[in-house]
Each structure stands twice: as structure tokens, then as C-alpha cells.
file entry.txt (compact mmCIF, C-alpha atoms)
# COMPACT_ATOMS: atom_id res chain seq x y z
CA MET M 19 120.54 124.24 74.29
CA ALA M 20 123.96 124.29 75.88
CA ASP M 21 124.29 122.41 79.17
CA ASP M 22 125.03 125.55 81.17
CA LYS M 23 121.93 127.41 80.02
CA ALA M 24 118.64 127.81 81.83
CA GLU M 25 115.68 129.41 80.17
CA PHE M 26 112.93 131.22 82.08
CA ILE M 27 109.48 131.18 80.60
CA VAL M 28 106.53 133.21 81.83
CA PRO M 29 103.48 131.14 80.94
CA PRO M 30 100.16 132.77 80.04
CA ASN M 31 98.19 133.43 83.24
CA ARG M 32 94.87 131.79 82.44
CA LEU M 33 93.69 132.05 86.01
CA LYS M 34 93.89 135.83 86.08
CA SER M 35 91.07 136.21 83.60
CA LYS M 36 88.89 133.55 85.22
CA VAL M 37 89.18 134.29 88.93
CA THR M 38 87.58 137.42 90.32
CA PHE M 39 87.91 138.91 93.78
CA SER M 40 84.53 140.16 94.83
CA GLU M 41 81.68 140.09 97.31
CA GLY M 42 80.27 136.59 97.53
CA GLY M 43 83.69 135.03 96.99
CA ILE M 44 85.41 132.65 99.40
CA ASP M 45 85.66 134.25 102.81
CA ALA M 46 85.92 132.83 106.32
CA ALA M 47 82.23 131.94 106.39
CA ALA M 48 82.49 130.12 103.04
CA LEU M 49 85.47 128.14 104.32
CA GLU M 50 83.59 127.22 107.47
CA LYS M 51 80.70 126.06 105.31
CA ALA M 52 83.08 123.96 103.22
CA GLU M 53 84.48 122.34 106.37
CA GLN M 54 80.92 121.60 107.39
CA VAL M 55 80.33 119.89 104.04
CA ILE M 56 83.17 117.51 104.90
CA ALA M 57 81.74 116.97 108.37
CA ASN M 58 78.41 116.12 106.80
CA LEU M 59 80.14 113.42 104.76
CA GLN M 60 81.10 111.58 107.94
CA GLY M 61 78.19 109.19 107.49
CA ASN M 62 79.47 108.30 104.02
CA TYR M 63 82.96 107.91 105.44
CA LEU M 64 81.76 105.32 107.94
CA ASP M 65 80.46 103.27 105.00
CA TRP M 66 83.68 103.78 103.04
CA VAL M 67 85.88 102.80 105.95
CA GLU M 68 83.87 99.61 106.46
CA GLU M 69 84.82 98.64 102.90
CA ASP M 70 88.45 99.44 103.66
CA LEU M 71 88.40 97.42 106.88
CA THR M 72 86.94 94.43 105.08
CA ALA M 73 89.50 94.75 102.29
CA ILE M 74 92.51 95.13 104.58
CA GLN M 75 91.39 92.19 106.73
CA ALA M 76 91.07 90.04 103.60
CA ALA M 77 94.50 91.15 102.38
CA TYR M 78 95.97 90.37 105.79
CA GLU M 79 94.46 86.86 105.80
CA LYS M 80 95.91 86.20 102.37
CA ALA M 81 99.32 87.50 103.46
CA ALA M 82 99.21 85.20 106.48
CA SER M 83 98.19 82.08 104.57
CA ASP M 84 99.70 82.53 101.12
CA VAL M 85 103.42 82.76 101.81
CA ALA M 86 104.37 82.39 98.15
CA GLU M 87 102.47 85.54 97.20
CA ARG M 88 102.97 87.36 100.48
CA LYS M 89 104.81 90.27 98.89
CA GLN M 90 101.82 91.12 96.71
CA HIS M 91 99.37 90.79 99.59
CA LEU M 92 101.54 93.05 101.74
CA ALA M 93 101.54 95.58 98.92
CA ASP M 94 97.74 95.44 98.99
CA ILE M 95 97.75 96.00 102.75
CA PHE M 96 100.06 98.99 102.30
CA ARG M 97 97.87 100.50 99.59
CA ILE M 98 94.69 100.18 101.65
CA ALA M 99 96.37 101.43 104.84
CA HIS M 100 97.81 104.36 102.92
CA ASP M 101 94.33 105.31 101.70
CA MET M 102 92.90 104.94 105.20
CA LYS M 103 95.68 107.11 106.60
CA GLY M 104 94.82 109.76 104.04
CA GLN M 105 91.12 109.84 104.82
CA GLY M 106 90.48 109.25 108.52
CA GLY M 107 91.62 112.64 109.77
CA SER M 108 89.50 114.53 107.23
CA PHE M 109 86.40 113.06 108.84
CA GLY M 110 87.36 113.40 112.47
CA TYR M 111 88.92 109.95 112.83
CA GLN M 112 92.51 110.96 113.51
CA LEU M 113 93.16 107.60 115.20
CA ILE M 114 92.55 105.84 111.89
CA THR M 115 95.13 108.09 110.26
CA LEU M 116 97.59 107.42 113.06
CA ILE M 117 97.13 103.64 113.20
CA ALA M 118 97.10 103.21 109.43
CA ASN M 119 100.32 105.22 109.28
CA GLN M 120 101.91 102.75 111.70
CA ILE M 121 101.02 99.89 109.35
CA CYS M 122 102.65 101.78 106.48
CA ARG M 123 105.75 102.39 108.61
CA VAL M 124 106.11 98.73 109.48
CA LEU M 125 105.76 97.71 105.84
CA GLU M 126 108.21 100.37 104.69
CA LYS M 127 110.87 99.73 107.31
CA VAL M 128 110.77 95.98 107.88
CA GLU M 129 112.54 94.02 105.18
CA ASN M 130 110.80 90.76 104.35
CA PRO M 131 108.13 90.99 107.05
CA GLY M 132 107.75 87.70 108.88
CA GLU M 133 105.22 86.30 111.31
CA ASP M 134 106.05 88.85 114.03
CA ALA M 135 105.46 91.79 111.69
CA LEU M 136 102.25 90.19 110.46
CA GLU M 137 101.09 89.89 114.05
CA VAL M 138 101.75 93.60 114.55
CA ILE M 139 99.76 94.40 111.43
CA LYS M 140 96.93 92.20 112.67
CA VAL M 141 96.60 94.03 115.98
CA HIS M 142 96.61 97.35 114.16
CA ILE M 143 93.79 96.20 111.89
CA HIS M 144 91.83 95.07 114.94
CA ALA M 145 92.48 98.42 116.60
CA MET M 146 91.15 100.29 113.57
CA ARG M 147 88.05 98.10 113.63
CA LEU M 148 87.57 98.99 117.30
CA VAL M 149 88.00 102.70 116.59
CA ILE M 150 85.21 102.58 114.03
CA THR M 151 82.78 100.32 115.89
CA SER M 152 83.26 102.39 119.04
CA ARG M 153 83.09 105.65 117.08
CA MET M 154 86.32 106.84 118.71
CA GLU M 155 86.57 110.25 117.09
CA GLY M 156 89.48 112.64 117.45
CA ASP M 157 92.31 111.30 119.58
CA GLY M 158 89.95 108.91 121.33
CA GLY M 159 90.61 110.39 124.77
CA LYS M 160 92.20 108.24 127.45
CA ALA M 161 91.22 105.01 125.73
CA GLY M 162 92.72 106.27 122.49
CA ALA M 163 95.97 107.25 124.20
CA GLY M 164 96.24 103.82 125.82
CA MET M 165 95.58 102.11 122.54
CA VAL M 166 98.19 104.15 120.68
CA LYS M 167 100.78 103.51 123.38
CA GLY M 168 100.19 99.78 123.20
CA LEU M 169 100.35 99.75 119.42
CA GLU M 170 103.55 101.77 119.39
CA ALA M 171 105.13 99.22 121.72
CA THR M 172 104.31 96.42 119.28
CA VAL M 173 105.77 98.40 116.37
CA ALA M 174 108.97 99.10 118.31
CA LYS M 175 109.52 95.36 118.65
CA VAL M 176 109.67 94.75 114.91
CA LEU M 177 111.25 97.92 113.56
CA PRO M 178 114.97 97.66 112.80
CA LYS M 179 117.08 99.05 115.67
CA MET G 22 82.85 139.70 102.74
CA ALA G 23 84.93 139.68 99.60
CA GLY G 24 87.00 136.76 98.41
CA TYR G 25 88.09 134.85 95.35
CA ASN G 26 85.37 133.45 93.12
CA LEU G 27 86.40 130.07 91.69
CA SER G 28 83.24 129.34 89.74
CA ARG G 29 84.89 129.66 86.33
CA LEU G 30 87.91 127.50 87.09
CA ASN G 31 88.12 124.00 85.66
CA PHE G 32 89.56 121.45 88.07
CA LEU G 33 90.78 117.95 87.25
CA VAL G 34 90.91 115.62 90.25
CA VAL G 35 93.15 112.57 89.81
CA ASP G 36 93.02 109.84 92.44
CA ASP G 37 92.62 106.09 92.21
CA ASN G 38 90.49 106.08 95.34
CA LYS G 39 86.90 106.99 94.48
CA HIS G 40 86.19 108.12 98.04
CA MET G 41 89.08 110.54 97.97
CA ARG G 42 87.87 111.89 94.63
CA ALA G 43 84.41 112.33 96.13
CA LEU G 44 85.88 114.23 99.07
CA VAL G 45 87.97 116.57 96.92
CA LYS G 46 85.05 117.17 94.57
CA ALA G 47 82.74 117.95 97.49
CA ILE G 48 85.23 120.52 98.80
CA LEU G 49 85.65 122.13 95.38
CA HIS G 50 81.92 122.32 94.81
CA SER G 51 81.42 123.82 98.25
CA LEU G 52 84.05 126.44 97.33
CA GLY G 53 81.93 127.38 94.33
CA SER G 54 83.64 125.38 91.56
CA LYS G 55 81.25 124.16 88.91
CA GLN G 56 83.50 122.30 86.50
CA VAL G 57 85.27 119.40 88.19
CA ALA G 58 86.39 116.46 86.07
CA GLU G 59 87.93 113.34 87.54
CA ALA G 60 90.25 110.52 86.56
CA GLY G 61 91.29 107.31 88.30
CA ASP G 62 94.97 107.28 87.38
CA GLY G 63 97.61 109.22 85.52
CA ALA G 64 96.91 107.64 82.15
CA ASP G 65 93.19 108.42 82.32
CA ALA G 66 93.98 111.92 83.49
CA PHE G 67 96.28 112.53 80.54
CA LYS G 68 93.49 111.43 78.20
CA GLU G 69 91.03 113.67 80.03
CA LEU G 70 93.34 116.65 79.60
CA ARG G 71 92.93 116.39 75.83
CA VAL G 72 89.21 117.12 76.09
CA PHE G 73 89.01 119.07 79.36
CA ALA G 74 90.89 122.35 79.65
CA ALA G 75 91.90 122.05 83.29
CA ASP G 76 93.03 125.25 84.99
CA ILE G 77 94.30 123.40 88.05
CA ILE G 78 95.03 119.69 88.54
CA ILE G 79 94.75 118.08 91.96
CA CYS G 80 96.62 114.83 91.82
CA ASP G 81 97.31 111.91 94.15
CA TRP G 82 100.77 110.34 94.25
CA ASN G 83 100.07 106.62 94.68
CA MET G 84 98.20 105.32 91.67
CA THR G 85 98.56 102.48 89.20
CA PRO G 86 99.45 101.96 86.42
CA LEU G 87 100.64 105.56 85.98
CA ASP G 88 101.37 107.18 89.33
CA GLY G 89 101.21 110.85 90.23
CA LEU G 90 104.89 111.57 89.62
CA ASP G 91 104.88 109.92 86.20
CA PHE G 92 101.73 111.85 85.35
CA VAL G 93 103.30 115.16 86.36
CA ARG G 94 106.38 114.40 84.26
CA LEU G 95 104.16 113.47 81.32
CA VAL G 96 102.19 116.71 81.61
CA ARG G 97 105.36 118.79 81.88
CA THR G 98 107.56 117.13 79.29
CA GLY G 99 105.39 114.84 77.16
CA LYS G 100 105.65 115.80 73.50
CA ASP G 101 101.88 115.65 73.12
CA SER G 102 101.03 117.33 76.45
CA PRO G 103 97.96 119.55 76.04
CA ASN G 104 99.15 122.02 78.69
CA PRO G 105 102.70 121.73 80.08
CA PHE G 106 102.18 124.83 82.26
CA VAL G 107 99.04 123.76 84.11
CA PRO G 108 99.36 124.25 87.88
CA ILE G 109 99.42 120.94 89.75
CA ILE G 110 98.70 120.36 93.43
CA MET G 111 99.96 117.02 94.68
CA LEU G 112 98.01 115.37 97.46
CA THR G 113 100.02 112.85 99.32
CA GLY G 114 100.49 110.90 102.49
CA HIS G 115 104.19 110.89 101.60
CA THR G 116 105.47 113.97 103.36
CA GLU G 117 109.07 113.06 104.06
CA LEU G 118 111.50 115.69 102.81
CA ALA G 119 113.01 113.36 100.18
CA ARG G 120 109.55 112.65 98.77
CA VAL G 121 108.58 116.30 98.71
CA VAL G 122 111.80 117.14 96.90
CA GLU G 123 111.14 114.32 94.43
CA ALA G 124 107.68 115.70 93.66
CA ARG G 125 109.05 119.21 93.39
CA ASP G 126 111.64 118.00 90.90
CA ALA G 127 108.92 116.36 88.82
CA GLY G 128 107.30 119.80 88.45
CA VAL G 129 104.45 120.18 90.94
CA HIS G 130 103.39 123.64 92.09
CA GLU G 131 102.03 122.80 95.54
CA PHE G 132 101.88 119.93 98.03
CA LEU G 133 99.06 119.10 100.35
CA ALA G 134 99.45 116.44 103.00
CA LYS G 135 96.59 114.05 103.57
CA PRO G 136 94.30 114.00 105.43
CA ILE G 137 93.09 117.17 103.78
CA SER G 138 90.76 119.93 104.93
CA ALA G 139 88.83 122.55 102.99
CA ARG G 140 91.08 125.26 104.40
CA GLY G 141 94.22 123.35 103.43
CA LEU G 142 93.08 122.80 99.87
CA TYR G 143 91.91 126.38 99.47
CA SER G 144 95.20 127.73 100.78
CA ARG G 145 97.06 125.89 98.01
CA ILE G 146 94.61 127.09 95.36
CA ARG G 147 94.98 130.64 96.64
CA SER G 148 98.75 130.34 96.52
CA ILE G 149 98.55 129.32 92.86
CA ILE G 150 96.25 132.28 92.11
CA GLU G 151 98.32 134.82 94.02
CA THR G 152 101.78 133.59 93.13
CA PRO G 153 102.02 132.78 89.44
CA ARG G 154 105.24 130.88 88.85
CA ALA G 155 107.72 131.37 86.06
CA PHE G 156 108.78 128.13 84.41
CA LEU G 157 112.34 127.02 84.09
CA ARG G 158 113.80 124.89 81.34
CA THR G 159 117.21 123.30 81.82
CA PRO G 160 118.65 120.22 80.19
CA THR G 161 117.35 118.17 83.13
CA TYR G 162 114.23 120.00 84.31
CA PHE G 163 111.12 121.63 83.00
CA GLY G 164 108.56 122.99 85.41
CA PRO G 165 107.73 125.81 87.79
CA ASP G 166 110.71 127.66 89.22
CA ARG G 167 111.77 125.52 92.16
CA ARG G 168 113.55 128.30 94.01
CA ARG G 169 110.43 129.99 95.31
CA ARG G 170 111.26 128.22 98.53
CA GLN G 171 114.61 127.59 100.10
CA MET G 172 115.15 123.88 99.66
CA GLU G 173 118.44 122.16 99.10
CA PHE G 174 119.23 121.84 95.42
CA LYS G 175 121.94 119.41 94.40
CA GLY G 176 122.09 120.19 90.71
CA GLU G 177 124.30 122.62 88.84
CA GLU G 178 123.81 126.32 89.44
CA ARG G 179 122.48 127.12 85.98
CA ARG G 180 119.77 129.55 86.87
CA LYS G 181 121.75 132.42 88.37
CA ALA G 182 123.07 133.59 85.04
CA ALA G 183 119.69 133.15 83.39
CA ALA G 184 117.85 135.00 86.16
CA LYS G 185 120.34 137.84 85.99
CA ALA G 186 119.99 138.03 82.24
CA SER G 187 116.20 138.14 82.45
CA GLY G 188 116.14 140.65 85.33
CA GLY G 189 114.72 138.08 87.74
CA ALA G 190 115.60 137.93 91.43
CA GLU G 191 116.58 135.01 93.61
CA GLY G 192 113.58 133.88 95.64
CA ASP G 193 114.25 134.24 99.36
CA ALA G 194 111.02 132.74 100.66
CA THR G 195 111.16 129.98 103.20
CA LEU G 196 109.08 126.85 103.64
CA SER G 197 105.56 127.70 104.73
CA GLN G 198 104.38 126.62 108.15
CA ALA G 199 101.99 124.14 106.61
CA GLU G 200 104.78 122.56 104.62
CA VAL G 201 107.04 122.38 107.60
CA GLU G 202 104.24 120.66 109.48
CA ALA G 203 103.63 118.38 106.56
CA LEU G 204 107.29 117.42 106.52
CA LEU G 205 107.52 116.94 110.25
CA ASN G 206 104.25 115.11 110.72
CA GLY G 207 104.51 112.71 107.83
call {"tool": "encode", "arguments": {"input": "entry.txt", "output": "C-alpha cells"}}
result
Amino acid sequence: MADDKAEFIVPPNRLKSKVTFSEGGIDAAALEKAEQVIANLQGNYLDWVEEDLTAIQAAYEKAASDVAERKQHLADIFRIAHDMKGQGGSFGYQLITLIANQICRVLEKVENPGEDALEVIKVHIHAMRLVITSRMEGDGGKAGAGMVKGLEATVAKVLPK
Amino acid sequence: MAGYNLSRLNFLVVDDNKHMRALVKAILHSLGSKQVAEAGDGADAFKELRVFAADIIICDWNMTPLDGLDFVRLVRTGKDSPNPFVPIIMLTGHTELARVVEARDAGVHEFLAKPISARGLYSRIRSIIETPRAFLRTPTYFGPDRRRRQMEFKGEERRKAAAKASGGAEGDATLSQAEVEALLNG
């Protein structure tokens, strides 16, 4: 093919023959029911997030103590925080999504995170633990707002200006 | 009331986090899907595709050893790909514009920012059903036509002549509200 050529291809539409539009299909009530299925998984989520909290705490402790392998441990923290960010909001724990996102931001923006950045990560992990043990759903109300404000202030101290 | 019936669609869910897979599967089942296969990373998913005729793939970005982008590229351009045209929805916490553009250029059909909801996932499935995409092959890209939405494209303008020749029109759609939110709230 010459460099200046683009070829359009219309692929076979396999979905057309398999998806019908009919009574009993997905309507507003079905979507509401599906959202309810997620809400009913909240109990499972609280077990899952306990595993994540344990894992991220362990990764943090290794990052703090094992300087030689800190990069790898920080990568583990990022991976776990990224997963937590992706799940919390689905189950009504938007604060977990927000706080975990802050951890990801710090690890993405701070080159060679030192003790100050580690301290910021530590307080964020503690905050997520508090959110779960206190069952702070949604934005956590006034307490949640105060917590987020305080955490943001710690992040601002370590992010590059 | 009437609506789409997804019971005959085969979904492949690819995520290295088993909880996320469980969540996506639960949503799909609650939307009436009966055939939902799963894989823990891109390499497993590619193997699964050989034996499972997925109609739609729902794929995470961050996975090891083969991440979501590599998987999408493999599906689109791998010589032994079982279905280069399969629609792919990418789930991701990475919603910065540069990341979205990167995923688009790998050949994904739709993006869905985490945390996900049933409505969010269904809206992307519905978009795939209602808006079948032509595929474009250039020397540097193979995948769904990227111009459905107005996003900056830095490559050569190869498609205009081809679209004209094939009677196609330039897409004038804009970013959906959900995508704008995904970009802004990442």
C-alpha cells in the first residue's frame, strides 16, 4: 500500500443478528435493577477493600524500610491505589476513589519520592482505613470534607511547583 | 418497556483485578448477558479469544505482563488475531486526554472511566450496537475510524481522499458529555 493511501473497511456486523430490540429488553427499570445489583455487592466490596488496605499498608512499610528496592514497592503501592481508585466509587465509597487518586498523583508527579512523599502516602493510607472502618460513604459529609482538605494540603507540599 | 436484549452476546472481560472482573460480570449478568468469559491479562485474553467468540471485549488498561494497550494492538494487528474487528471497551482510571488519545490510537471503540456504573457500561455497549464503526487501514493504523469524534489528530491527512472515494462523510460528532467528564475528572 502506498503511504498516502487509506483503506476503509466495513466489517461484518455480528451484533446486528444477535441483539434484538423488544419487550423485556434493557429499559430504565432493568438499569435500576442492575445498579441495585452493584449496591448489593457492597458487603463483598468491604471484604475486598480490607484486602487492599492490608496490601497497600504492607507495600508502604516495605517502601519505607527497603530503600534499595523502594522503586518496586512504590510501583506496588501505585498499582493497589489505582485499583482502589477504580472501585470505591462504584460501591458508594467515593472518598476511597478520591484519596487513592491522590496517592497515584503523588507517585506520578514526584520524581524519586523521598521521606516527605512517603509520609504523605502514609497519611492517605490511614485516611482510607478510617473511611472504611467508619463506613464513610459518599463524600463523607463535613468530616469527609475536612479530611480531604487536610490531605490535599499534604499533597500540595510535595508536588512539584 | 422495550429495550435491547443482550442475552446472545458473548462478552470477554479482561482485568488483572479479580474483584473488578466480578463487578463487571455481575453488571453484565444483571443486564441479561449469559456468556461472559474472563481473563486476567492481555496474554490470557488473547488465548481465550481463540476458543471464545467474543462479540464485545471489556478490557482494563493496567495489567501485567501484557497490558490493555498491547492487547488491543495485538487483537487489531496481530497476524494470528482471531477477530481484528471485535469491538473493545477500555475501562481505565487513566482519563487524561493524552491517555485517551493513546488508547484511541491503539484501536479501542469506547472508553469508560472507573469507577464504573451499570448505566455507564450499558451506554458504551449501546453505542457499539447503535453506531457500527467502519475500520480504517493506513500504513500506521488499523482500527475503528477515529474521526467519529472531533479529537486532535497529528498524523497525515490520508483519509479525506479515501473517504471521498468510498462515498463516506467526515464525522462531525463531538466528544460526548460522559467523555468530557471522564477527561476532566480524571
call {"tool": "closest_residue", "arguments": {"input": "entry.txt", "among": "M:Ile27, M:Leu136, M:Ala82, M:Leu125", "to": "Ala155 in chain G", "atoms": "only C-alpha atoms"}}
result
M:Ile27
call {"tool": "residues_around", "arguments": {"input": "entry.txt", "residues": "Ser102 in chain G", "least_positions_apart": "6", "cutoff": "12 Å", "atoms": "all atoms listed in the file", "output": "ChimeraX atom specification"}}
result
/G:64,66-72,74,92-96
call {"tool": "residues_around", "arguments": {"input": "entry.txt", "residues": "Ala171 in chain M", "least_positions_apart": "5", "cutoff": "12 Å", "atoms": "all atoms listed in the file", "output": "ChimeraX atom specification"}}
result
/M:120,138,141-142,164-166,176-177
call {"tool": "atom_distance", "arguments": {"input": "entry.txt", "atom1": "CA of Glu131 in chain G", "atom2": "CA of Arg145 in chain G"}}
result
6.4 Å
call {"tool": "atom_distance", "arguments": {"input": "entry.txt", "atom1": "CA of Lys175 in chain M", "atom2": "CA of Arg97 in chain M"}}
result
22.9 Å
call {"tool": "interface_residues", "arguments": {"input": "entry.txt", "of": "chain G", "to": "chain M", "cutoff": "7 Å", "atoms": "only C-alpha atoms", "output": "number ranges by chain"}}
result
G: 22-27, 29-30, 48, 51-52, 76, 106, 114, 135-140, 150, 155-160, 179-180, 183
call {"tool": "residues_around", "arguments": {"input": "entry.txt", "residues": "Ala81 in chain M", "least_positions_apart": "4", "cutoff": "7 Å", "atoms": "only C-alpha atoms", "output": "list in words"}}
result
Ala77, Val85, Arg88, His91 and Leu92 of chain M
call {"tool": "atom_distance", "arguments": {"input": "entry.txt", "atom1": "CA of Lys39 in chain G", "atom2": "CA of Gly164 in chain G"}}
result
28.4 Å
call {"tool": "closest_residue", "arguments": {"input": "entry.txt", "among": "G:Gly99, G:Asp37, G:Leu133, G:Gln56", "to": "Leu87 in chain G", "atoms": "all atoms listed in the file"}}
result
G:Asp37
call {"tool": "residues_around", "arguments": {"input": "entry.txt", "residues": "Val129 in chain G", "least_positions_apart": "4", "cutoff": "8 Å", "atoms": "only C-alpha atoms", "output": "ChimeraX atom specification"}}
result
/G:93,108-111,124-125,164-165
call {"tool": "closest_residue", "arguments": {"input": "entry.txt", "among": "M:Ala93, M:Lys80, M:Gln75, M:Ala161", "to": "Asn83 in chain G", "atoms": "all atoms listed in the file"}}
result
M:Ala93
call {"tool": "closest_residue", "arguments": {"input": "entry.txt", "among": "G:Ser144, G:Asn31, G:Thr161, G:Thr152", "to": "Val57 in chain G", "atoms": "only C-alpha atoms"}}
result
G:Asn31
call {"tool": "closest_residue", "arguments": {"input": "entry.txt", "among": "M:Ala99, M:Val173, M:Leu148, M:Cys122", "to": "Asp70 in chain M", "atoms": "only C-alpha atoms"}}
result
M:Ala99
call {"tool": "closest_residue", "arguments": {"input": "entry.txt", "among": "G:Glu151, G:His115, G:Phe163, G:Leu142", "to": "Ala47 in chain G", "atoms": "all atoms listed in the file"}}
result
G:Leu142
